[in-house]
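Structure file work22.cif (mmCIF, C-alpha atoms) is printed below.
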data_data
#
loop_
_atom_site.label_atom_id
_atom_site.label_comp_id
_atom_site.auth_asym_id
_atom_site.auth_seq_id
_atom_site.Cartn_x
_atom_site.Cartn_y
_atom_site.Cartn_z
CA MET A 254 26.59 -30.70 86.84
CA ALA A 255 26.35 -32.62 90.12
CA PHE A 256 22.59 -33.03 89.74
CA GLN A 257 23.00 -34.24 86.17
CA TRP A 258 25.59 -36.81 87.24
CA ARG A 259 23.38 -38.04 90.04
CA SER A 260 20.42 -38.39 87.73
CA HIS A 261 22.50 -40.56 85.41
CA VAL A 262 23.62 -42.69 88.37
CA LEU A 263 20.05 -43.07 89.54
CA ALA A 264 18.85 -43.99 86.08
CA ALA A 265 21.50 -46.70 85.90
CA ALA A 266 20.47 -47.99 89.33
CA LEU A 267 16.85 -48.08 88.25
CA ILE A 268 17.61 -49.98 85.05
CA ALA A 269 19.60 -52.51 87.06
CA ALA A 270 16.73 -52.85 89.53
CA LEU A 271 14.13 -53.43 86.87
CA SER A 272 16.30 -56.01 85.14
CA TRP A 273 16.00 -58.11 88.31
CA VAL A 274 12.23 -57.83 88.52
CA SER A 275 10.03 -60.46 86.94
CA GLY A 276 7.46 -58.99 84.59
CA ALA A 277 8.61 -55.40 84.96
CA GLY A 278 6.18 -54.29 82.27
CA ALA A 279 3.28 -56.30 83.66
CA ALA A 280 0.66 -55.36 86.22
CA GLU A 281 1.34 -55.67 89.92
CA PRO A 282 2.31 -57.69 91.81
CA GLN A 283 5.90 -57.99 90.67
CA VAL A 284 8.36 -60.50 92.06
CA PRO A 285 12.09 -59.79 92.44
CA VAL A 286 14.40 -62.16 90.56
CA LEU A 287 18.01 -61.93 91.74
CA TRP A 288 19.36 -64.91 89.81
CA ASP A 289 20.69 -65.13 86.28
CA ALA A 290 18.85 -67.96 84.54
CA LYS A 291 21.84 -68.43 82.21
CA GLU A 292 24.18 -69.18 85.10
CA ARG A 293 24.08 -72.83 86.07
CA LEU A 294 25.45 -73.53 89.51
CA PRO A 295 26.84 -77.02 90.20
CA LYS A 296 24.62 -79.33 92.21
CA PRO A 297 26.38 -80.14 95.48
CA ASP A 298 26.90 -83.61 96.88
CA LEU A 299 25.74 -83.48 100.48
CA SER A 300 25.58 -87.22 101.05
CA ALA A 301 28.20 -86.95 103.79
CA LEU A 302 26.39 -84.14 105.59
CA PRO A 303 24.96 -85.57 108.83
CA ARG A 304 22.54 -82.72 109.47
CA LEU A 305 21.47 -79.27 108.29
CA ARG A 306 19.95 -77.31 111.15
CA PHE A 307 18.75 -73.80 110.36
CA LEU A 308 18.79 -71.36 113.27
CA THR A 309 16.28 -68.52 113.31
CA THR A 310 14.17 -66.42 115.69
CA THR A 311 10.47 -66.13 116.50
CA ASP A 312 10.08 -62.35 116.55
CA PHE A 313 10.61 -61.09 113.00
CA PRO A 314 7.29 -61.37 111.16
CA PRO A 315 6.57 -62.10 108.38
CA PHE A 316 9.96 -63.83 108.11
CA ASN A 317 9.87 -65.87 111.33
CA PHE A 318 7.09 -65.92 113.90
CA LEU A 319 4.84 -68.18 115.96
CA ASP A 320 1.39 -68.56 114.43
CA GLY A 321 -1.89 -68.75 116.36
CA ALA A 322 -1.23 -72.39 117.20
CA GLY A 323 2.29 -71.65 118.45
CA LYS A 324 3.87 -73.19 115.36
CA LEU A 325 7.05 -71.70 113.91
CA SER A 326 6.04 -70.12 110.61
CA GLY A 327 7.04 -67.47 108.10
CA PHE A 328 8.85 -66.72 104.89
CA HIS A 329 12.18 -67.98 106.22
CA ILE A 330 10.65 -71.19 107.50
CA ASP A 331 9.11 -72.02 104.14
CA LEU A 332 12.32 -71.04 102.39
CA ALA A 333 14.47 -73.28 104.62
CA ARG A 334 12.21 -76.27 103.97
CA ALA A 335 12.29 -75.63 100.23
CA ILE A 336 16.10 -75.47 100.35
CA CYS A 337 16.22 -78.86 102.04
CA ALA A 338 13.89 -80.29 99.40
CA GLU A 339 16.06 -78.95 96.56
CA LEU A 340 19.18 -80.40 98.17
CA GLY A 341 17.49 -83.76 98.67
CA ILE A 342 18.13 -83.82 102.41
CA VAL A 343 14.66 -83.33 103.89
CA ASP A 344 15.26 -86.13 106.38
CA LYS A 345 18.43 -84.38 107.61
CA CYS A 346 16.89 -80.92 107.98
CA GLN A 347 15.88 -79.19 111.18
CA ILE A 348 14.81 -75.66 112.09
CA GLN A 349 15.37 -74.26 115.58
CA ALA A 350 14.32 -70.87 116.95
CA LEU A 351 16.53 -69.03 119.43
CA PRO A 352 16.75 -65.49 120.79
CA TRP A 353 18.64 -63.24 118.37
CA ALA A 354 21.54 -62.73 120.79
CA GLU A 355 22.18 -66.50 120.96
CA LEU A 356 22.37 -67.22 117.22
CA GLN A 357 26.07 -66.52 116.69
CA GLY A 358 27.17 -68.53 119.71
CA ALA A 359 24.99 -71.49 118.74
CA LEU A 360 26.44 -71.51 115.23
CA GLU A 361 30.01 -71.31 116.52
CA ARG A 362 29.39 -74.19 118.94
CA GLY A 363 28.08 -76.38 116.13
CA GLU A 364 24.51 -76.35 117.43
CA GLY A 365 23.39 -75.36 113.94
CA GLU A 366 24.86 -75.17 110.48
CA ALA A 367 23.17 -72.06 109.06
CA VAL A 368 21.43 -68.92 110.31
CA ILE A 369 18.40 -67.72 108.36
CA ALA A 370 17.37 -64.68 110.33
CA GLY A 371 18.38 -61.55 108.47
CA ILE A 372 22.07 -61.25 109.33
CA ALA A 373 23.31 -58.61 106.89
CA PRO A 374 26.46 -59.38 104.86
CA THR A 375 28.91 -56.57 105.63
CA PRO A 376 32.71 -56.38 105.64
CA GLN A 377 32.53 -56.84 109.42
CA SER A 378 30.09 -59.78 109.44
CA ARG A 379 32.05 -61.54 106.69
CA GLN A 380 34.89 -61.91 109.17
CA THR A 381 32.58 -64.14 111.23
CA TYR A 382 30.36 -65.81 108.63
CA ALA A 383 30.33 -67.19 105.11
CA PHE A 384 27.19 -66.10 103.28
CA SER A 385 25.01 -67.37 100.51
CA ARG A 386 24.17 -64.92 97.78
CA ALA A 387 21.35 -62.52 98.56
CA TYR A 388 17.88 -63.99 98.11
CA LEU A 389 15.92 -60.80 98.86
CA GLN A 390 16.77 -57.12 98.62
CA PHE A 391 14.96 -54.10 99.98
CA PRO A 392 14.59 -51.26 97.52
CA ALA A 393 13.87 -47.66 98.35
CA ARG A 394 10.52 -46.42 97.05
CA PHE A 395 8.47 -43.26 96.78
CA ILE A 396 4.82 -43.27 97.77
CA THR A 397 2.30 -40.58 96.90
CA ALA A 398 -1.41 -39.97 97.21
CA LYS A 399 -3.27 -41.89 94.50
CA ASN A 400 -4.51 -38.66 92.93
CA LYS A 401 -0.93 -37.36 92.71
CA ALA A 402 0.69 -40.45 91.23
CA LEU A 403 3.97 -39.89 89.40
CA ALA A 404 5.76 -42.06 86.85
CA GLU A 405 9.41 -42.34 85.89
CA PRO A 406 11.55 -40.40 85.33
CA LEU A 407 10.90 -38.75 88.69
CA PHE A 408 13.98 -36.56 88.99
CA ASP A 409 12.46 -33.57 87.17
CA LYS A 410 8.89 -34.20 88.32
CA LEU A 411 9.92 -33.98 91.97
CA HIS A 412 11.73 -30.65 91.55
CA GLY A 413 10.73 -28.43 94.46
CA LYS A 414 8.30 -30.99 95.88
CA ARG A 415 8.05 -31.62 99.61
CA VAL A 416 9.23 -35.19 100.25
CA GLY A 417 9.08 -36.76 103.68
CA VAL A 418 11.70 -39.18 104.95
CA ILE A 419 12.78 -40.60 108.32
CA SER A 420 15.40 -38.32 109.83
CA GLY A 421 18.95 -39.63 109.98
CA SER A 422 18.17 -42.74 107.92
CA ALA A 423 20.06 -44.15 104.96
CA HIS A 424 17.02 -43.21 102.91
CA GLU A 425 17.43 -39.56 103.89
CA ARG A 426 21.06 -39.62 102.75
CA MET A 427 20.05 -41.31 99.50
CA LEU A 428 17.23 -38.82 98.90
CA ARG A 429 19.52 -35.83 99.43
CA ASP A 430 22.26 -37.28 97.22
CA TYR A 431 20.11 -38.55 94.34
CA PHE A 432 17.18 -36.11 94.40
CA GLY A 433 18.89 -32.91 95.47
CA THR A 434 16.20 -30.60 94.06
CA VAL A 435 13.40 -31.77 96.37
CA GLN A 436 12.44 -30.10 99.64
CA VAL A 437 13.46 -32.73 102.17
CA VAL A 438 11.04 -32.90 105.12
CA PRO A 439 12.53 -35.05 107.93
CA PHE A 440 10.29 -36.98 110.34
CA ASP A 441 11.24 -38.65 113.60
CA LYS A 442 8.52 -41.33 113.41
CA PRO A 443 6.84 -43.21 110.55
CA GLU A 444 3.39 -42.49 111.96
CA ALA A 445 3.93 -38.73 111.56
CA LEU A 446 5.28 -39.25 108.04
CA TYR A 447 2.24 -41.28 107.00
CA GLY A 448 -0.14 -38.85 108.64
CA ASP A 449 1.25 -35.85 106.76
CA LEU A 450 1.20 -37.77 103.48
CA LYS A 451 -2.47 -38.65 103.96
CA ALA A 452 -3.26 -35.07 104.93
CA GLY A 453 -1.56 -33.67 101.83
CA LYS A 454 1.05 -31.76 103.84
CA ILE A 455 3.84 -33.41 101.84
CA ASP A 456 3.83 -34.41 98.18
CA ALA A 457 5.56 -37.77 98.61
CA ALA A 458 7.38 -39.99 101.07
CA PHE A 459 10.65 -41.83 100.45
CA GLY A 460 11.80 -44.85 102.39
CA ASP A 461 11.97 -48.61 102.76
CA GLY A 462 9.78 -50.30 100.18
CA MET A 463 8.89 -53.26 102.38
CA ARG A 464 7.69 -51.09 105.27
CA PHE A 465 5.77 -48.91 102.85
CA ALA A 466 4.15 -52.00 101.33
CA PHE A 467 2.81 -53.17 104.69
CA TRP A 468 1.45 -49.70 105.41
CA LEU A 469 -0.17 -49.40 101.97
CA GLY A 470 -1.90 -52.73 102.46
CA GLY A 471 -3.07 -51.95 105.99
CA SER A 472 -6.15 -50.28 107.39
CA ASP A 473 -4.32 -47.11 108.44
CA ALA A 474 -3.56 -46.16 104.83
CA ALA A 475 -7.22 -46.73 103.94
CA GLY A 476 -6.33 -46.96 100.26
CA CYS A 477 -5.05 -43.39 100.15
CA CYS A 478 -1.73 -43.91 98.50
CA ARG A 479 0.40 -45.92 96.11
CA PHE A 480 3.97 -46.52 95.00
CA ALA A 481 5.41 -44.07 92.49
CA GLY A 482 8.53 -44.76 90.43
CA GLY A 483 11.31 -47.10 91.37
CA PRO A 484 12.26 -49.54 92.75
CA TYR A 485 15.72 -48.20 93.62
CA LEU A 486 18.43 -50.66 94.60
CA ALA A 487 21.44 -48.89 96.08
CA PRO A 488 23.75 -51.26 97.98
CA GLU A 489 26.04 -48.41 99.03
CA TYR A 490 23.14 -46.96 101.04
CA LEU A 491 20.81 -49.89 101.70
CA GLY A 492 23.08 -52.93 101.87
CA THR A 493 23.12 -56.01 99.68
CA GLY A 494 20.01 -57.69 101.06
CA MET A 495 19.24 -60.86 103.00
CA ALA A 496 21.51 -63.89 102.86
CA ILE A 497 21.94 -67.12 104.80
CA ALA A 498 24.94 -67.25 107.10
CA THR A 499 27.15 -70.27 107.76
CA ARG A 500 30.37 -70.56 109.71
CA ALA A 501 33.26 -68.79 108.02
CA ASP A 502 35.10 -72.12 107.65
CA ASN A 503 32.20 -73.68 105.73
CA PRO A 504 31.97 -71.87 102.36
CA ALA A 505 31.00 -75.16 100.69
CA LEU A 506 27.69 -75.13 102.53
CA ALA A 507 27.11 -71.53 101.50
CA ALA A 508 27.70 -72.56 97.89
CA ALA A 509 25.23 -75.44 98.27
CA LEU A 510 22.66 -72.97 99.55
CA ASP A 511 23.28 -70.84 96.45
CA TYR A 512 22.41 -73.79 94.24
CA ALA A 513 19.19 -74.45 96.13
CA LEU A 514 18.19 -70.78 96.16
CA GLN A 515 18.70 -70.47 92.42
CA GLU A 516 16.60 -73.58 91.77
CA ILE A 517 13.85 -72.27 94.04
CA SER A 518 13.83 -69.00 92.13
CA MET A 519 13.88 -70.55 88.65
CA LYS A 520 11.06 -72.99 89.47
CA GLY A 521 8.77 -70.25 90.77
CA THR A 522 8.79 -71.46 94.36
CA PHE A 523 10.35 -68.23 95.59
CA ALA A 524 7.64 -66.22 93.81
CA GLU A 525 4.99 -68.28 95.58
CA PHE A 526 6.52 -67.54 98.98
CA TYR A 527 7.03 -63.86 98.16
CA LEU A 528 3.42 -63.32 97.13
CA ARG A 529 2.19 -65.28 100.14
CA TYR A 530 3.96 -63.10 102.67
CA PHE A 531 4.16 -59.80 100.76
CA PRO A 532 0.79 -59.44 99.02
CA VAL A 533 1.61 -55.78 98.26
CA SER A 534 4.84 -56.15 96.33
CA PHE A 535 7.57 -53.68 97.25
CA PHE A 536 9.16 -54.13 93.81
#

Transcribe the structure of this file into C-alpha cells.
Amino acid sequence: MAFQWRSHVLAAALIAALSWVSGAGAAEPQVPVLWDAKERLPKPDLSALPRLRFLTTTDFPPFNFLDGAGKLSGFHIDLARAICAELGIVDKCQIQALPWAELQGALERGEGEAVIAGIAPTPQSRQTYAFSRAYLQFPARFITAKNKALAEPLFDKLHGKRVGVISGSAHERMLRDYFGTVQVVPFDKPEALYGDLKAGKIDAAFGDGMRFAFWLGGSDAAGCCRFAGGPYLAPEYLGTGMAIATRADNPALAAALDYALQEISMKGTFAEFYLRYFPVSFF
C-alpha cells in the first residue's frame, strides 16, 4: 500500500512538473515555464527609486562568472539586465560582484538593493530577506545508457534495478521514498557514479538534473547516456528553486521583480537565456 501511495504522489508531482514545461510534448530542448500566463501582475511605479544595484558573485558558473576578458557574465547577469529593461530603469541599474560571505552584510548596509546569487528561500532565510517568486527550479532526473532508455511511467520499469545516487543527499532520500523497489547504490563522489553508469555496473543514476545535464553535454560522458523519465519537482526534498532576495523590509521591490520576471518569461527572453547557458535542458 505504501508503494502504491508513493507512486500516486510521484505521478502527481510529475504532472505538475510537466505543466510548467514549455512544449512538453515537443522535441528537446524544453524550457521551464514557472509563470501562469493568465495571471497579470501589476506594473510597479519605480519612478522614486534612486537606484537598483544587484549584488552577486563571480564564482558560480554559468550563473555568475568572469569571462576570458575579465568581464562579469552569466545567466544571472543577463537576467538582471533584462529585469531593469522591463522595469524601465536601465539608467538606474548596477551590478556588483562580491564574495559570497559579504552579500548579506552589503544588502543590510544599503550597499545594494537585491541579491541575485542563488540564496535559497527557506523558513530561516525568509526571516532575513524578502524574495521574488522562483525563476528557476532544479528537478531530479534519472539518466541511463542510451541503449537502455526508459520512458514514463518508471515506477514499475525500475523494479529491482540498480540505481546509483550520491550518498546522504536529498536525492537519495527522494529515491528511497518514491522508488522503494529499486536497489539503491550509494556513491560518495559523482565521478564514481558516472563511471559505473558508463561501465554498465548500474542501470540508472538519479540526481540533480542540472548537474546531470552538464555531464551529459561534456566530453567525459562521450555521448553514452541520456535523460529518462521526469522531470521531478519535489520542493519538500529539493527546495523551491532560485529567487532574488531583497531586504525583508522591502517586499514592494520583491513584487516589482515578480512583474519583471513574469514579463521576461512571457516574452521568451527567459527561454533565450536558458538555452544559451543550459544547451542540454535539464527539464

With region 335-349 of chain A as the partner and 10 Å as the cut-off, tabulate the residues of region 476-514 of chain A that qualify, each row holding the nearest pair of atoms and their distance in Å to one decimal, using all atoms listed in the file, sorted by chain and rising number, as a Markdown table.
| residue | atom | partner | partner_atom | distance |
| --- | --- | --- | --- | --- |
| A:Ala509 | CA | A:Leu340 | CA | 7.8 |
| A:Leu510 | CA | A:Ile336 | CA | 7.1 |
| A:Asp511 | CA | A:Ile336 | CA | 9.4 |
| A:Tyr512 | CA | A:Leu340 | CA | 8.3 |
| A:Ala513 | CA | A:Ile336 | CA | 5.3 |
| A:Leu514 | CA | A:Ile336 | CA | 6.6 |

Can you tell me which residues surround Gly494 (chain A) at a distance of at most 6 Å, considering only C-alpha atoms, apart from same-chain residues fewer than 6 positions away, and format the answer as a list of chain:residue names? A:Ala387, A:Leu389, A:Gln390

Quick one: apply the PyMOL selection byres ((chain A and resi 427-438) around 7) to the file and drop the selected residues here as a PDB file with C-alpha atoms, keeping the file's coordinate frame.
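out22.pdb, written as the output of this step:
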ATOM      1  CA  PHE A 256      22.590 -33.030  89.740  1.00  0.00           C
ATOM      2  CA  ARG A 259      23.380 -38.040  90.040  1.00  0.00           C
ATOM      3  CA  SER A 260      20.420 -38.390  87.730  1.00  0.00           C
ATOM      4  CA  LEU A 263      20.050 -43.070  89.540  1.00  0.00           C
ATOM      5  CA  PHE A 408      13.980 -36.560  88.990  1.00  0.00           C
ATOM      6  CA  LEU A 411       9.920 -33.980  91.970  1.00  0.00           C
ATOM      7  CA  HIS A 412      11.730 -30.650  91.550  1.00  0.00           C
ATOM      8  CA  GLY A 413      10.730 -28.430  94.460  1.00  0.00           C
ATOM      9  CA  LYS A 414       8.300 -30.990  95.880  1.00  0.00           C
ATOM     10  CA  ARG A 415       8.050 -31.620  99.610  1.00  0.00           C
ATOM     11  CA  VAL A 416       9.230 -35.190 100.250  1.00  0.00           C
ATOM     12  CA  GLY A 417       9.080 -36.760 103.680  1.00  0.00           C
ATOM     13  CA  VAL A 418      11.700 -39.180 104.950  1.00  0.00           C
ATOM     14  CA  ALA A 423      20.060 -44.150 104.960  1.00  0.00           C
ATOM     15  CA  HIS A 424      17.020 -43.210 102.910  1.00  0.00           C
ATOM     16  CA  GLU A 425      17.430 -39.560 103.890  1.00  0.00           C
ATOM     17  CA  ARG A 426      21.060 -39.620 102.750  1.00  0.00           C
ATOM     18  CA  PRO A 439      12.530 -35.050 107.930  1.00  0.00           C
ATOM     19  CA  PHE A 440      10.290 -36.980 110.340  1.00  0.00           C
ATOM     20  CA  TYR A 490      23.140 -46.960 101.040  1.00  0.00           C
TER      21      TYR A 490
END

Using only C-alpha atoms, determine which residues lie at most 9 Å from region 307-323 of chain A, disregarding the query and same-chain residues fewer than 6 positions distant; provide the list as JSON, numbers by chain. {"A": [329, 330, 333, 346, 347, 348, 349, 350, 351, 352, 353, 356, 359, 360, 364, 365, 366, 367, 368, 369, 370, 371, 530, 531]}

Any idea what the distance is between CA of Asp289 (chain A) and CA of Ser518 (chain A)? 9.8 Å

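For the structure shown here, the set of residues caught by the PyMOL selection byres ((chain A and resi 478) around 8) is Ile396, Thr397, Ala398, Lys399, Lys451, Leu469, Ala474, Gly476, Cys477, Arg479 and Phe480 of chain A.
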
Rebuild region 329-344 of chain A so that it carries N, CA and C atoms, then output the result as a JSON list (two decimals), in the frame of the given file.
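Output file part_19.json follows:
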[["chain", "number", "residue", "atom", "x", "y", "z"],
["A", 329, "HIS", "N", 10.92, -67.26, 106.06],
["A", 329, "HIS", "CA", 12.18, -67.98, 106.22],
["A", 329, "HIS", "C", 11.97, -69.46, 106.49],
["A", 330, "ILE", "N", 10.91, -69.79, 107.18],
["A", 330, "ILE", "CA", 10.65, -71.19, 107.50],
["A", 330, "ILE", "C", 10.32, -71.95, 106.23],
["A", 331, "ASP", "N", 9.44, -71.38, 105.42],
["A", 331, "ASP", "CA", 9.11, -72.02, 104.14],
["A", 331, "ASP", "C", 10.32, -72.10, 103.23],
["A", 332, "LEU", "N", 11.14, -71.05, 103.24],
["A", 332, "LEU", "CA", 12.32, -71.04, 102.39],
["A", 332, "LEU", "C", 13.32, -72.12, 102.83],
["A", 333, "ALA", "N", 13.54, -72.26, 104.12],
["A", 333, "ALA", "CA", 14.47, -73.28, 104.62],
["A", 333, "ALA", "C", 14.00, -74.68, 104.23],
["A", 334, "ARG", "N", 12.73, -74.94, 104.34],
["A", 334, "ARG", "CA", 12.21, -76.27, 103.97],
["A", 334, "ARG", "C", 12.35, -76.51, 102.47],
["A", 335, "ALA", "N", 12.13, -75.48, 101.68],
["A", 335, "ALA", "CA", 12.29, -75.63, 100.23],
["A", 335, "ALA", "C", 13.75, -75.88, 99.87],
["A", 336, "ILE", "N", 14.67, -75.24, 100.58],
["A", 336, "ILE", "CA", 16.10, -75.47, 100.35],
["A", 336, "ILE", "C", 16.44, -76.93, 100.61],
["A", 337, "CYS", "N", 15.95, -77.46, 101.71],
["A", 337, "CYS", "CA", 16.22, -78.86, 102.04],
["A", 337, "CYS", "C", 15.66, -79.78, 100.97],
["A", 338, "ALA", "N", 14.49, -79.46, 100.45],
["A", 338, "ALA", "CA", 13.89, -80.29, 99.40],
["A", 338, "ALA", "C", 14.74, -80.25, 98.14],
["A", 339, "GLU", "N", 15.23, -79.07, 97.76],
["A", 339, "GLU", "CA", 16.06, -78.95, 96.56],
["A", 339, "GLU", "C", 17.38, -79.69, 96.71],
["A", 340, "LEU", "N", 17.90, -79.72, 97.92],
["A", 340, "LEU", "CA", 19.18, -80.40, 98.17],
["A", 340, "LEU", "C", 19.00, -81.90, 98.41],
["A", 341, "GLY", "N", 17.76, -82.34, 98.47],
["A", 341, "GLY", "CA", 17.49, -83.76, 98.67],
["A", 341, "GLY", "C", 17.85, -84.28, 100.04],
["A", 342, "ILE", "N", 17.72, -83.42, 101.05],
["A", 342, "ILE", "CA", 18.13, -83.82, 102.41],
["A", 342, "ILE", "C", 17.02, -83.50, 103.42],
["A", 343, "VAL", "N", 15.78, -83.66, 103.00],
["A", 343, "VAL", "CA", 14.66, -83.33, 103.89],
["A", 343, "VAL", "C", 14.76, -84.08, 105.21],
["A", 344, "ASP", "N", 15.18, -85.32, 105.15],
["A", 344, "ASP", "CA", 15.26, -86.13, 106.38],
["A", 344, "ASP", "C", 16.40, -85.69, 107.29]]
